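Colleague: Okay, here's the structure, questions in a sec.
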Amino acid sequence: MPADPSTQAKDVRGRLRADLREAMKARDRIRTSVIRNSLAALADAEAVEAQPVADLPVHPQGADGLYAAEVERRALTENEIRRVLGEVHNDLLESADELAGLARNPQAEELRTQADILGAYLA
């Protein structure tokens with residue numbers, strides 16, 4: 001029986017979070033940066049489209065202020081997570097190519113290293 005897609009998606013996110021802790025402990029600046037950016041991209045993808053305040057459901061107790069307009073975030077499937085991480089991966093490679101074209105090879109190589117780190121999550 002195939003695993004539940006939402007469980008697989010949580011596994012990728014859990015792996016990223018666990019690897020982030022390890023990268024931070026090891027003071028691996030590049031790996032920490034890549035994983036943080038990847039988690040941020042996933043969080044952005046989970047955001048729901050904003051609705052005008054008038055369209056929001058009324059809180060049963062008429063709550064105003066903090067959390068009054070909170071809505072559930074979207075749950076990403078494994079395919080959506082792979083798509084988001086793939087876009088980040090492609091952006092890193094495109095930026096590396098642009099920097100290499102400007103003879104900024106050390107920066108280009110750092111972006112390629114970041115793309116390689118992220119590529120491990122796409123394999």
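Ordered as shown in the structure tokens, chains take letters A, B, and onward, while each chain numbers its residues from 1 and ligands are numbered from 1 in the order shown.
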Which polymer residues have any atom within 7 Å of an atom of segment 111-113 of chain A, counting only C-alpha atoms, with same-chain residues fewer than 6 positions away left out, as a ChimeraX atom specification?
Modeller: /A:92-93,96
Colleague: Emit the selected residues as a PDB file, in the first residue's frame, including C-alpha atoms.
Modeller:
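Written output follows (out.pdb):
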ATOM      1  CA  LEU A  92      19.931  28.741  -7.904  1.00  0.00           C
ATOM      2  CA  LEU A  93      21.362  27.249 -11.097  1.00  0.00           C
ATOM      3  CA  ALA A  96      24.902  30.732 -10.827  1.00  0.00           C
TER       4      ALA A  96
END
Colleague: Skipping near chain neighbours, those fewer than 6 positions away, what residues fall within 10 Å of segment 28-42 of chain A using only C-alpha atoms, listed as a PyMOL selection string?
Modeller: chain A and resi 13+15-22+76+80-89+92+110-111+113-118+121
Colleague: With N, CA and C atoms retained, write the just-selected residues as a PDB file, in the first residue's frame.
Modeller:
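The result, stored in result-v8.pdb:
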ATOM      1  N   ARG A  13       9.603  17.602   4.827  1.00  0.00           N
ATOM      2  CA  ARG A  13       9.723  18.775   5.693  1.00  0.00           C
ATOM      3  C   ARG A  13      10.450  18.389   6.987  1.00  0.00           C
ATOM      4  N   ARG A  15      12.582  15.973   7.368  1.00  0.00           N
ATOM      5  CA  ARG A  15      13.986  15.747   7.019  1.00  0.00           C
ATOM      6  C   ARG A  15      14.728  17.068   6.885  1.00  0.00           C
ATOM      7  N   LEU A  16      14.071  18.054   6.252  1.00  0.00           N
ATOM      8  CA  LEU A  16      14.689  19.377   6.127  1.00  0.00           C
ATOM      9  C   LEU A  16      14.934  19.985   7.507  1.00  0.00           C
ATOM     10  N   ARG A  17      13.937  19.889   8.374  1.00  0.00           N
ATOM     11  CA  ARG A  17      14.085  20.474   9.720  1.00  0.00           C
ATOM     12  C   ARG A  17      15.183  19.774  10.520  1.00  0.00           C
ATOM     13  N   ALA A  18      15.228  18.455  10.446  1.00  0.00           N
ATOM     14  CA  ALA A  18      16.268  17.705  11.163  1.00  0.00           C
ATOM     15  C   ALA A  18      17.646  18.062  10.613  1.00  0.00           C
ATOM     16  N   ASP A  19      17.738  18.154   9.291  1.00  0.00           N
ATOM     17  CA  ASP A  19      19.015  18.500   8.676  1.00  0.00           C
ATOM     18  C   ASP A  19      19.417  19.937   9.005  1.00  0.00           C
ATOM     19  N   LEU A  20      18.428  20.817   9.167  1.00  0.00           N
ATOM     20  CA  LEU A  20      18.722  22.200   9.546  1.00  0.00           C
ATOM     21  C   LEU A  20      19.383  22.235  10.928  1.00  0.00           C
ATOM     22  N   ARG A  21      18.812  21.475  11.859  1.00  0.00           N
ATOM     23  CA  ARG A  21      19.410  21.434  13.205  1.00  0.00           C
ATOM     24  C   ARG A  21      20.858  20.949  13.142  1.00  0.00           C
ATOM     25  N   GLU A  22      21.079  19.896  12.357  1.00  0.00           N
ATOM     26  CA  GLU A  22      22.433  19.352  12.238  1.00  0.00           C
ATOM     27  C   GLU A  22      23.375  20.350  11.574  1.00  0.00           C
ATOM     28  N   LEU A  76       0.565  20.796   1.391  1.00  0.00           N
ATOM     29  CA  LEU A  76       1.191  20.494   0.113  1.00  0.00           C
ATOM     30  C   LEU A  76       1.352  18.988  -0.058  1.00  0.00           C
ATOM     31  N   GLU A  80       3.765  18.708  -5.043  1.00  0.00           N
ATOM     32  CA  GLU A  80       3.857  20.159  -4.897  1.00  0.00           C
ATOM     33  C   GLU A  80       5.158  20.552  -4.195  1.00  0.00           C
ATOM     34  N   ILE A  81       5.549  19.769  -3.198  1.00  0.00           N
ATOM     35  CA  ILE A  81       6.811  20.048  -2.505  1.00  0.00           C
ATOM     36  C   ILE A  81       7.970  19.892  -3.472  1.00  0.00           C
ATOM     37  N   ARG A  82       7.946  18.834  -4.270  1.00  0.00           N
ATOM     38  CA  ARG A  82       9.012  18.632  -5.260  1.00  0.00           C
ATOM     39  C   ARG A  82       9.032  19.769  -6.283  1.00  0.00           C
ATOM     40  N   ARG A  83       7.855  20.247  -6.675  1.00  0.00           N
ATOM     41  CA  ARG A  83       7.786  21.354  -7.630  1.00  0.00           C
ATOM     42  C   ARG A  83       8.401  22.617  -7.030  1.00  0.00           C
ATOM     43  N   VAL A  84       8.033  22.932  -5.789  1.00  0.00           N
ATOM     44  CA  VAL A  84       8.552  24.135  -5.131  1.00  0.00           C
ATOM     45  C   VAL A  84      10.065  24.035  -4.963  1.00  0.00           C
ATOM     46  N   LEU A  85      10.533  22.899  -4.453  1.00  0.00           N
ATOM     47  CA  LEU A  85      11.975  22.727  -4.268  1.00  0.00           C
ATOM     48  C   LEU A  85      12.698  22.718  -5.616  1.00  0.00           C
ATOM     49  N   GLY A  86      12.059  22.163  -6.644  1.00  0.00           N
ATOM     50  CA  GLY A  86      12.638  22.180  -7.984  1.00  0.00           C
ATOM     51  C   GLY A  86      12.779  23.592  -8.525  1.00  0.00           C
ATOM     52  N   GLU A  87      11.796  24.435  -8.244  1.00  0.00           N
ATOM     53  CA  GLU A  87      11.871  25.834  -8.679  1.00  0.00           C
ATOM     54  C   GLU A  87      13.021  26.563  -7.984  1.00  0.00           C
ATOM     55  N   VAL A  88      13.166  26.320  -6.683  1.00  0.00           N
ATOM     56  CA  VAL A  88      14.276  26.926  -5.944  1.00  0.00           C
ATOM     57  C   VAL A  88      15.604  26.430  -6.520  1.00  0.00           C
ATOM     58  N   HIS A  89      15.692  25.130  -6.791  1.00  0.00           N
ATOM     59  CA  HIS A  89      16.894  24.523  -7.373  1.00  0.00           C
ATOM     60  C   HIS A  89      17.224  25.176  -8.718  1.00  0.00           C
ATOM     61  N   LEU A  92      18.526  28.729  -8.332  1.00  0.00           N
ATOM     62  CA  LEU A  92      19.931  28.741  -7.904  1.00  0.00           C
ATOM     63  C   LEU A  92      20.863  28.513  -9.100  1.00  0.00           C
ATOM     64  N   GLU A 110      29.405  29.005  -5.257  1.00  0.00           N
ATOM     65  CA  GLU A 110      28.638  28.854  -4.018  1.00  0.00           C
ATOM     66  C   GLU A 110      27.179  28.521  -4.322  1.00  0.00           C
ATOM     67  N   LEU A 111      26.606  29.185  -5.321  1.00  0.00           N
ATOM     68  CA  LEU A 111      25.219  28.880  -5.697  1.00  0.00           C
ATOM     69  C   LEU A 111      25.096  27.472  -6.261  1.00  0.00           C
ATOM     70  N   THR A 113      26.940  24.973  -5.361  1.00  0.00           N
ATOM     71  CA  THR A 113      27.038  24.112  -4.185  1.00  0.00           C
ATOM     72  C   THR A 113      25.684  24.044  -3.480  1.00  0.00           C
ATOM     73  N   GLN A 114      25.014  25.195  -3.362  1.00  0.00           N
ATOM     74  CA  GLN A 114      23.696  25.228  -2.749  1.00  0.00           C
ATOM     75  C   GLN A 114      22.707  24.387  -3.560  1.00  0.00           C
ATOM     76  N   ALA A 115      22.775  24.494  -4.888  1.00  0.00           N
ATOM     77  CA  ALA A 115      21.885  23.707  -5.747  1.00  0.00           C
ATOM     78  C   ALA A 115      22.157  22.218  -5.574  1.00  0.00           C
ATOM     79  N   ASP A 116      23.417  21.842  -5.407  1.00  0.00           N
ATOM     80  CA  ASP A 116      23.743  20.425  -5.182  1.00  0.00           C
ATOM     81  C   ASP A 116      23.159  19.930  -3.859  1.00  0.00           C
ATOM     82  N   ILE A 117      23.238  20.755  -2.826  1.00  0.00           N
ATOM     83  CA  ILE A 117      22.679  20.375  -1.523  1.00  0.00           C
ATOM     84  C   ILE A 117      21.183  20.180  -1.652  1.00  0.00           C
ATOM     85  N   LEU A 118      20.514  21.110  -2.296  1.00  0.00           N
ATOM     86  CA  LEU A 118      19.075  21.014  -2.472  1.00  0.00           C
ATOM     87  C   LEU A 118      18.701  19.843  -3.375  1.00  0.00           C
ATOM     88  N   TYR A 121      17.562  16.522  -1.916  1.00  0.00           N
ATOM     89  CA  TYR A 121      16.177  16.372  -1.447  1.00  0.00           C
ATOM     90  C   TYR A 121      15.222  16.059  -2.598  1.00  0.00           C
TER      91      TYR A 121
END
Colleague: Pick out each residue of segment 72-108 of chain A that DSSP on the backbone tags as alpha helix (DSSP H); I need them as number ranges by chain.
Modeller: A: 78-101, 105-108
Colleague: By how many Å are atom CA of Gln107 of chain A and atom CA of Gly119 of chain A apart?
Modeller: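 Value for the atom CA of Gln107 of chain A-atom CA of Gly119 of chain A distance: 18.3 Å.
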